[in-house]
$ cat run08.cif   # mmCIF, C-alpha atoms and all ligand atoms
data_upload
#
loop_
_atom_site.label_atom_id
_atom_site.label_comp_id
_atom_site.auth_asym_id
_atom_site.auth_seq_id
_atom_site.Cartn_x
_atom_site.Cartn_y
_atom_site.Cartn_z
CA MET E 278 2.05 -21.13 -3.60
CA LYS E 279 1.51 -18.27 -6.04
CA LEU E 280 0.73 -14.58 -5.97
CA TYR E 281 -1.80 -13.06 -8.35
CA GLN E 282 -0.79 -9.47 -8.72
CA GLY E 283 -0.34 -6.60 -11.14
CA MET E 284 -0.34 -2.85 -11.35
CA GLY E 285 -1.36 -0.78 -8.32
CA PRO E 286 -0.50 0.08 -4.74
CA SER E 287 -1.87 -3.09 -3.14
CA SER E 288 0.25 -5.45 -5.24
CA TYR E 289 3.26 -3.16 -4.85
CA ARG E 290 2.90 -3.28 -1.06
CA VAL E 291 3.16 -7.07 -1.11
CA ARG E 292 6.02 -7.12 -3.60
CA ILE E 293 8.07 -4.62 -1.58
CA PHE E 294 7.31 -6.58 1.59
CA MET E 295 8.48 -9.80 -0.08
CA ALA E 296 11.68 -8.13 -1.27
CA GLU E 297 12.43 -6.94 2.27
CA LYS E 298 12.00 -10.53 3.47
CA GLY E 299 13.94 -12.05 0.58
CA VAL E 300 10.86 -14.11 -0.34
CA GLU E 301 10.36 -15.17 -3.94
CA LEU E 302 7.09 -16.62 -5.20
CA PRO E 303 5.70 -17.62 -8.56
CA MET E 304 3.63 -14.68 -9.80
CA VAL E 305 0.59 -14.57 -12.03
CA GLU E 306 0.27 -11.18 -13.73
CA ILE E 307 -3.34 -9.93 -13.80
CA ASP E 308 -4.00 -7.46 -16.59
CA PHE E 309 -6.67 -4.88 -15.68
CA ALA E 310 -6.88 -3.65 -19.26
CA LYS E 311 -8.01 -7.11 -20.35
CA GLY E 312 -10.44 -7.35 -17.41
CA GLU E 313 -8.64 -10.41 -16.06
CA HIS E 314 -9.58 -9.40 -12.49
CA LYS E 315 -13.33 -9.72 -13.24
CA THR E 316 -13.45 -13.06 -15.05
CA PRO E 317 -15.65 -15.76 -13.44
CA GLU E 318 -12.48 -17.76 -12.84
CA PHE E 319 -10.75 -14.92 -10.99
CA LEU E 320 -13.88 -14.03 -9.00
CA LYS E 321 -13.71 -17.53 -7.54
CA LEU E 322 -10.34 -16.52 -6.07
CA ASN E 323 -11.47 -13.09 -4.88
CA SER E 324 -15.17 -12.27 -4.95
CA LEU E 325 -14.26 -8.57 -4.94
CA GLY E 326 -12.33 -8.96 -8.19
CA GLN E 327 -9.23 -7.32 -6.77
CA ILE E 328 -5.52 -8.05 -6.55
CA PRO E 329 -3.37 -9.17 -4.83
CA VAL E 330 -4.40 -12.72 -4.05
CA LEU E 331 -2.16 -15.33 -2.48
CA GLU E 332 -2.97 -18.97 -3.23
CA LEU E 333 -1.31 -21.49 -0.93
CA ASP E 334 -0.27 -24.95 -2.05
CA ASP E 335 -3.30 -26.52 -0.30
CA GLY E 336 -5.63 -24.17 -2.20
CA THR E 337 -6.17 -21.74 0.68
CA ILE E 338 -6.84 -18.24 -0.64
CA ILE E 339 -5.67 -15.11 1.17
CA THR E 340 -6.75 -11.72 -0.13
CA GLU E 341 -6.04 -8.23 1.27
CA SER E 342 -2.47 -7.00 0.97
CA VAL E 343 -1.99 -6.64 4.74
CA ALA E 344 -3.32 -10.15 5.39
CA ILE E 345 -0.89 -11.52 2.80
CA CYS E 346 1.95 -9.59 4.43
CA ARG E 347 0.95 -10.93 7.85
CA TYR E 348 1.04 -14.49 6.51
CA LEU E 349 4.51 -13.87 5.10
CA GLU E 350 5.60 -12.35 8.42
CA GLU E 351 4.51 -15.51 10.24
CA THR E 352 6.21 -17.82 7.78
CA HIS E 353 9.33 -15.64 7.38
CA PRO E 354 9.77 -13.82 10.70
CA GLU E 355 13.07 -12.13 9.85
CA PRO E 356 13.43 -9.23 9.59
CA PRO E 357 10.30 -8.34 11.56
CA LEU E 358 8.23 -5.84 9.61
CA PHE E 359 5.21 -5.78 11.93
CA GLY E 360 7.24 -4.89 15.03
CA ALA E 361 9.49 -6.93 17.29
CA ASP E 362 7.86 -6.58 20.70
CA ALA E 363 4.57 -5.47 22.26
CA VAL E 364 5.20 -1.76 21.87
CA GLY E 365 6.79 -2.20 18.47
CA ARG E 366 3.86 -4.22 17.16
CA ALA E 367 1.36 -1.70 18.49
CA LYS E 368 3.27 1.19 16.92
CA VAL E 369 3.48 -0.53 13.55
CA GLU E 370 -0.24 -1.31 13.66
CA MET E 371 -0.96 2.28 14.63
CA TRP E 372 1.11 3.73 11.81
CA ASN E 373 -0.02 1.24 9.20
CA ARG E 374 -3.64 2.11 10.00
CA ARG E 375 -2.86 5.81 9.99
CA ALA E 376 -1.14 5.46 6.61
CA GLU E 377 -4.13 3.55 5.26
CA PHE E 378 -6.83 5.83 6.63
CA GLU E 379 -5.16 9.22 6.31
CA LEU E 380 -3.07 8.80 3.15
CA LEU E 381 -4.31 5.83 1.15
CA GLY E 382 -7.95 6.60 1.90
CA THR E 383 -7.68 10.22 0.80
CA ILE E 384 -5.49 9.68 -2.24
CA GLY E 385 -7.50 6.59 -3.15
CA ASN E 386 -10.72 8.60 -3.08
CA VAL E 387 -9.28 11.01 -5.63
CA ALA E 388 -8.55 8.06 -7.91
CA LEU E 389 -11.86 6.30 -7.27
CA HIS E 390 -13.97 9.40 -7.87
CA SER E 391 -12.08 10.87 -10.83
CA ASP E 392 -10.58 8.07 -12.92
CA ALA E 393 -12.60 6.50 -15.73
CA PHE E 394 -11.15 3.12 -14.74
CA PHE E 395 -13.46 3.06 -11.69
CA LYS E 396 -16.61 4.42 -13.36
CA ASP E 397 -18.43 1.06 -13.25
CA ARG E 398 -17.33 0.23 -9.72
CA LEU E 399 -19.08 3.08 -7.91
CA VAL E 400 -21.06 6.27 -8.45
CA GLN E 401 -18.34 8.85 -8.93
CA PHE E 402 -18.58 12.28 -7.33
CA PRO E 403 -16.03 14.54 -9.04
CA ALA E 404 -16.61 17.28 -6.45
CA PHE E 405 -15.69 14.83 -3.69
CA ALA E 406 -12.55 13.88 -5.64
CA GLU E 407 -11.66 17.57 -5.71
CA THR E 408 -12.11 18.10 -1.95
CA GLU E 409 -10.04 14.99 -1.27
CA ARG E 410 -7.37 16.27 -3.69
CA GLN E 411 -7.19 19.49 -1.70
CA ALA E 412 -6.89 17.52 1.54
CA VAL E 413 -3.87 15.49 0.38
CA PRO E 414 -1.17 18.17 1.00
CA LYS E 415 -2.60 18.67 4.49
CA LYS E 416 -2.23 14.95 5.18
CA TRP E 417 1.42 15.06 4.14
CA ALA E 418 1.92 18.22 6.23
CA TRP E 419 0.55 16.34 9.24
CA LEU E 420 3.05 13.54 8.60
CA ASP E 421 5.82 16.11 8.25
CA ARG E 422 5.02 17.49 11.70
CA GLU E 423 5.06 13.95 13.08
CA LEU E 424 8.46 13.21 11.55
CA ALA E 425 9.92 16.47 12.88
CA ASP E 426 11.12 14.49 15.91
CA GLY E 427 13.82 13.04 13.67
CA ARG E 428 12.82 9.37 13.79
CA PRO E 429 13.93 7.58 10.63
CA TYR E 430 10.77 5.57 10.04
CA LEU E 431 7.09 6.04 10.79
CA ALA E 432 6.92 3.61 13.71
CA GLY E 433 10.34 4.52 15.13
CA ASP E 434 13.88 3.31 14.49
CA ASP E 435 12.98 0.33 12.35
CA PHE E 436 11.60 0.09 8.85
CA SER E 437 8.16 -1.55 8.84
CA VAL E 438 5.12 -2.37 6.77
CA ALA E 439 3.78 1.09 7.71
CA ASP E 440 6.60 2.70 5.72
CA ILE E 441 5.71 0.53 2.74
CA THR E 442 2.07 1.60 2.93
CA ALA E 443 2.85 5.29 3.21
CA ALA E 444 5.59 5.30 0.55
CA VAL E 445 3.31 3.56 -1.92
CA CYS E 446 0.82 6.37 -1.24
CA GLY E 447 3.52 8.82 -2.33
CA TRP E 448 3.80 6.91 -5.60
CA LEU E 449 0.01 6.77 -6.07
CA GLY E 450 -0.23 10.50 -5.43
CA GLU E 451 2.36 11.15 -8.15
CA VAL E 452 0.36 9.05 -10.62
CA PHE E 453 -2.66 11.29 -10.01
CA GLY E 454 -0.76 14.59 -10.03
CA MET E 455 -0.47 15.03 -6.26
CA GLU E 456 3.24 15.22 -5.51
CA ILE E 457 4.33 15.59 -1.90
CA PRO E 458 4.78 19.38 -1.40
CA ALA E 459 8.46 20.32 -1.79
CA SER E 460 8.45 22.29 1.47
CA LEU E 461 7.83 19.16 3.58
CA GLU E 462 11.47 18.33 4.23
CA ASN E 463 10.89 15.68 6.90
CA VAL E 464 8.56 13.71 4.66
CA HIS E 465 10.96 14.04 1.73
CA ARG E 466 13.88 12.79 3.82
CA TRP E 467 11.82 9.82 4.99
CA ASN E 468 10.55 9.14 1.46
CA GLU E 469 14.09 9.15 0.04
CA ARG E 470 15.18 6.81 2.83
CA VAL E 471 12.44 4.34 1.90
CA ARG E 472 12.93 4.68 -1.85
CA SER E 473 16.67 4.11 -1.56
CA ARG E 474 16.09 0.63 -0.15
CA PRO E 475 16.58 -2.09 -2.79
CA SER E 476 13.04 -3.36 -2.09
CA TRP E 477 11.52 -0.21 -3.60
CA ASN E 478 12.30 -1.47 -7.11
CA ALA E 479 10.25 -4.61 -6.49
N1 LIG E 501 -7.88 -3.62 0.47
C1 LIG E 501 -7.37 -4.34 -0.68
C2 LIG E 501 -7.47 -3.46 -1.89
C3 LIG E 501 -7.23 -4.22 -3.17
C4 LIG E 501 -7.42 -3.33 -4.38
O1 LIG E 501 -8.19 -2.34 -4.37
N2 LIG E 501 -6.71 -3.67 -5.45
C5 LIG E 501 -6.83 -2.90 -6.64
C6 LIG E 501 -5.48 -2.69 -7.29
S1 LIG E 501 -4.43 -1.74 -6.24
C7 LIG E 501 -7.74 -3.63 -7.61
O2 LIG E 501 -7.61 -4.81 -7.80
N3 LIG E 501 -8.67 -2.88 -8.22
C8 LIG E 501 -9.57 -3.41 -9.18
C9 LIG E 501 -10.99 -3.15 -8.81
O3 LIG E 501 -11.26 -2.80 -7.66
O4 LIG E 501 -11.82 -3.33 -9.69
C10 LIG E 501 -5.93 -4.79 -0.42
O5 LIG E 501 -5.25 -4.13 0.37
O6 LIG E 501 -5.49 -5.79 -0.99
#

$ encode --input "run08.cif" --output "structure tokens" --more "lines below"
Ligand SMILES: N[C@@H](CCC(=O)N[C@@H](CS)C(=O)NCC(=O)O)C(=O)O
Amino acid sequence: MKLYQGMGPSSYRVRIFMAEKGVELPMVEIDFAKGEHKTPEFLKLNSLGQIPVLELDDGTIITESVAICRYLEETHPEPPLFGADAVGRAKVEMWNRRAEFELLGTIGNVALHSDAFFKDRLVQFPAFAETERQAVPKKWAWLDRELADGRPYLAGDDFSVADITAAVCGWLGEVFGMEIPASLENVHRWNERVRSRPSWNA
């Protein structure tokens, strides 16, 4: 089994998830600068030319960071990072989707529509990037209001994949000059809690 990965939020999500589980895998580093994600050989692994990609020993290919995390959850159930019971699993799903749609989607659009790296991938609309950039602090403010109830993690008392998704969004925002507003104390407390876990350095 090996993980093709490299720079970027999707690979980081899987690596943090693995660190939380104590899972170690052989890694193949994919270098965007060299275009290694768009070679004919790599496109056979992932037709979208994206990382991460998990290749199982029998040759099965799993793409999509959440799908890879779900596979690792099944094969390494402890500690549960997708929830431990019916309500827990629903809450983690809810918050992981909210983190993806509200945070990753918005911050990702800024990157996609403003960074030269993506210029051949889509038609870029700089004005759209700008409106999305202006929306980002409002997304964090929404999360701050949610966390005002004092829960330690997005889905409740337990750390989950949803925290990984949202915290990686904080990192991505920083890369593109969109720090979490200093006034949002609840989000900052949560962010520090996540970043102080050893898995963050993965
Ligand atoms: N939904 C996918 C997104 C994968 C993705 O966009 N990966 C980025 C790096 S974070 C990538 O490979 N980008 C290169 C490209 O799209 O050309 C996932 O969660 O795995």

$ residues_near_ligand --input "run08.cif" --ligand "ligand LIG 501 (chain E)" --cutoff "8 Å" --atoms "all atoms listed in the file" --output "PyMOL selection string"
chain E and resi 283-289+309+314-315+325-330+340-343+395+398

$ atom_distance --input "run08.cif" --atom1 "atom CA of Ser391 of chain E" --atom2 "atom CA of Val452 of chain E"
12.6 Å

$ closest_residue --input "run08.cif" --among "E:Ala367, E:Leu389, E:Ala310, E:Leu331" --to "Gly433 of chain E" --atoms "only C-alpha atoms"
E:Ala367

$ residues_around --input "run08.cif" --residues "Val387 of chain E" --least-positions-apart "2" --cutoff "12 Å" --atoms "all atoms listed in the file" --output "PyMOL selection string"
chain E and resi 380-385+389-393+395+401-413+446+449-455

$ axis_aligned_box --input "run08.cif" --around "segment 356-362 of chain E" --padding-each-side "6 Å" --output "lines of an AutoDock Vina configuration file"
center_x = 9.3
center_y = -7.1
center_z = 15.1
size_x = 20.2
size_y = 16.3
size_z = 23.1

$ residues_around --input "run08.cif" --residues "Pro357 of chain E" --least-positions-apart "4" --cutoff "8 Å" --atoms "all atoms listed in the file" --output "PyMOL selection string"
chain E and resi 350+361+437

$ atom_distance --input "run08.cif" --atom1 "atom CA of Lys311 of chain E" --atom2 "atom CA of Leu280 of chain E"
18.4 Å

$ residues_around --input "run08.cif" --residues "Pro414 of chain E" --least-positions-apart "6" --cutoff "10 Å" --atoms "only C-alpha atoms" --output "JSON list (two decimals) with C-alpha atoms, in the coordinates of the input"
[["chain", "number", "residue", "atom", "x", "y", "z"],
["E", 380, "LEU", "CA", -3.07, 8.80, 3.15],
["E", 420, "LEU", "CA", 3.05, 13.54, 8.60],
["E", 455, "MET", "CA", -0.47, 15.03, -6.26],
["E", 456, "GLU", "CA", 3.24, 15.22, -5.51],
["E", 457, "ILE", "CA", 4.33, 15.59, -1.90],
["E", 458, "PRO", "CA", 4.78, 19.38, -1.40],
["E", 461, "LEU", "CA", 7.83, 19.16, 3.58]]

$ closest_residue --input "run08.cif" --among "E:Gly312, E:Glu351, E:Arg375, E:Ala443" --to "Phe394 of chain E" --atoms "all atoms listed in the file"
E:Gly312

$ atom_distance --input "run08.cif" --atom1 "atom CA of Gly447 of chain E" --atom2 "atom CA of Glu313 of chain E"
26.6 Å

$ closest_residue --input "run08.cif" --among "E:Arg347, E:Ile307, E:Ala439, E:Leu358" --to "Trp372 of chain E" --atoms "only C-alpha atoms"
E:Ala439

$ closest_residue --input "run08.cif" --among "E:Leu322, E:Val464, E:Cys346, E:Val369" --to "Asp434 of chain E" --atoms "only C-alpha atoms"
E:Val369

$ closest_residue --input "run08.cif" --among "E:Thr442, E:Lys416, E:Arg292, E:His465" --to "Glu370 of chain E" --atoms "all atoms listed in the file"
E:Thr442

$ residues_near_point --input "run08.cif" --point "(7.5, 0.2, -0.5)" --cutoff "7 Å" --atoms "only C-alpha atoms" --output "number ranges by chain"
E: 289-290, 293, 440-442, 444-445, 471, 476-477

$ closest_residue --input "run08.cif" --among "E:Arg474, E:Tyr281, E:Val438, E:His353" --to "Phe294 of chain E" --atoms "only C-alpha atoms"
E:Val438

$ build_atoms --input "run08.cif" --residues "segment 289-307 of chain E" --atoms "N, CA and C atoms" --output "PDB file, keeping the file's coordinate frame"
ATOM      1  N   TYR E 289       1.907  -3.676  -5.106  1.00  0.00           N
ATOM      2  CA  TYR E 289       3.260  -3.160  -4.850  1.00  0.00           C
ATOM      3  C   TYR E 289       3.617  -3.318  -3.370  1.00  0.00           C
ATOM      4  N   ARG E 290       2.627  -3.118  -2.498  1.00  0.00           N
ATOM      5  CA  ARG E 290       2.900  -3.280  -1.060  1.00  0.00           C
ATOM      6  C   ARG E 290       3.411  -4.685  -0.781  1.00  0.00           C
ATOM      7  N   VAL E 291       2.754  -5.681  -1.360  1.00  0.00           N
ATOM      8  CA  VAL E 291       3.160  -7.070  -1.110  1.00  0.00           C
ATOM      9  C   VAL E 291       4.521  -7.349  -1.734  1.00  0.00           C
ATOM     10  N   ARG E 292       4.741  -6.837  -2.936  1.00  0.00           N
ATOM     11  CA  ARG E 292       6.020  -7.120  -3.600  1.00  0.00           C
ATOM     12  C   ARG E 292       7.192  -6.488  -2.854  1.00  0.00           C
ATOM     13  N   ILE E 293       7.001  -5.272  -2.355  1.00  0.00           N
ATOM     14  CA  ILE E 293       8.070  -4.620  -1.580  1.00  0.00           C
ATOM     15  C   ILE E 293       8.304  -5.400  -0.277  1.00  0.00           C
ATOM     16  N   PHE E 294       7.213  -5.798   0.359  1.00  0.00           N
ATOM     17  CA  PHE E 294       7.310  -6.580   1.590  1.00  0.00           C
ATOM     18  C   PHE E 294       8.108  -7.868   1.345  1.00  0.00           C
ATOM     19  N   MET E 295       7.772  -8.568   0.247  1.00  0.00           N
ATOM     20  CA  MET E 295       8.480  -9.800  -0.080  1.00  0.00           C
ATOM     21  C   MET E 295       9.969  -9.543  -0.312  1.00  0.00           C
ATOM     22  N   ALA E 296      10.280  -8.444  -0.996  1.00  0.00           N
ATOM     23  CA  ALA E 296      11.680  -8.130  -1.270  1.00  0.00           C
ATOM     24  C   ALA E 296      12.437  -7.861   0.032  1.00  0.00           C
ATOM     25  N   GLU E 297      11.778  -7.190   0.972  1.00  0.00           N
ATOM     26  CA  GLU E 297      12.430  -6.940   2.270  1.00  0.00           C
ATOM     27  C   GLU E 297      12.725  -8.255   2.993  1.00  0.00           C
ATOM     28  N   LYS E 298      11.855  -9.231   2.807  1.00  0.00           N
ATOM     29  CA  LYS E 298      12.000 -10.530   3.470  1.00  0.00           C
ATOM     30  C   LYS E 298      12.902 -11.484   2.678  1.00  0.00           C
ATOM     31  N   GLY E 299      13.189 -11.129   1.441  1.00  0.00           N
ATOM     32  CA  GLY E 299      13.940 -12.050   0.580  1.00  0.00           C
ATOM     33  C   GLY E 299      13.099 -13.238   0.139  1.00  0.00           C
ATOM     34  N   VAL E 300      11.776 -13.038   0.062  1.00  0.00           N
ATOM     35  CA  VAL E 300      10.860 -14.110  -0.340  1.00  0.00           C
ATOM     36  C   VAL E 300      10.600 -14.014  -1.840  1.00  0.00           C
ATOM     37  N   GLU E 301      10.714 -15.145  -2.518  1.00  0.00           N
ATOM     38  CA  GLU E 301      10.360 -15.170  -3.940  1.00  0.00           C
ATOM     39  C   GLU E 301       9.228 -16.165  -4.145  1.00  0.00           C
ATOM     40  N   LEU E 302       8.255 -15.769  -4.947  1.00  0.00           N
ATOM     41  CA  LEU E 302       7.090 -16.620  -5.200  1.00  0.00           C
ATOM     42  C   LEU E 302       6.768 -16.608  -6.683  1.00  0.00           C
ATOM     43  N   PRO E 303       6.214 -17.697  -7.190  1.00  0.00           N
ATOM     44  CA  PRO E 303       5.700 -17.620  -8.560  1.00  0.00           C
ATOM     45  C   PRO E 303       4.594 -16.564  -8.625  1.00  0.00           C
ATOM     46  N   MET E 304       4.600 -15.776  -9.683  1.00  0.00           N
ATOM     47  CA  MET E 304       3.630 -14.680  -9.800  1.00  0.00           C
ATOM     48  C   MET E 304       2.752 -14.897 -11.026  1.00  0.00           C
ATOM     49  N   VAL E 305       1.502 -14.578 -10.880  1.00  0.00           N
ATOM     50  CA  VAL E 305       0.590 -14.570 -12.030  1.00  0.00           C
ATOM     51  C   VAL E 305       0.213 -13.109 -12.254  1.00  0.00           C
ATOM     52  N   GLU E 306       0.540 -12.598 -13.428  1.00  0.00           N
ATOM     53  CA  GLU E 306       0.270 -11.180 -13.730  1.00  0.00           C
ATOM     54  C   GLU E 306      -1.197 -11.038 -14.161  1.00  0.00           C
ATOM     55  N   ILE E 307      -1.928 -10.184 -13.462  1.00  0.00           N
ATOM     56  CA  ILE E 307      -3.340  -9.930 -13.800  1.00  0.00           C
ATOM     57  C   ILE E 307      -3.408  -8.594 -14.531  1.00  0.00           C
TER      58      ILE E 307
END
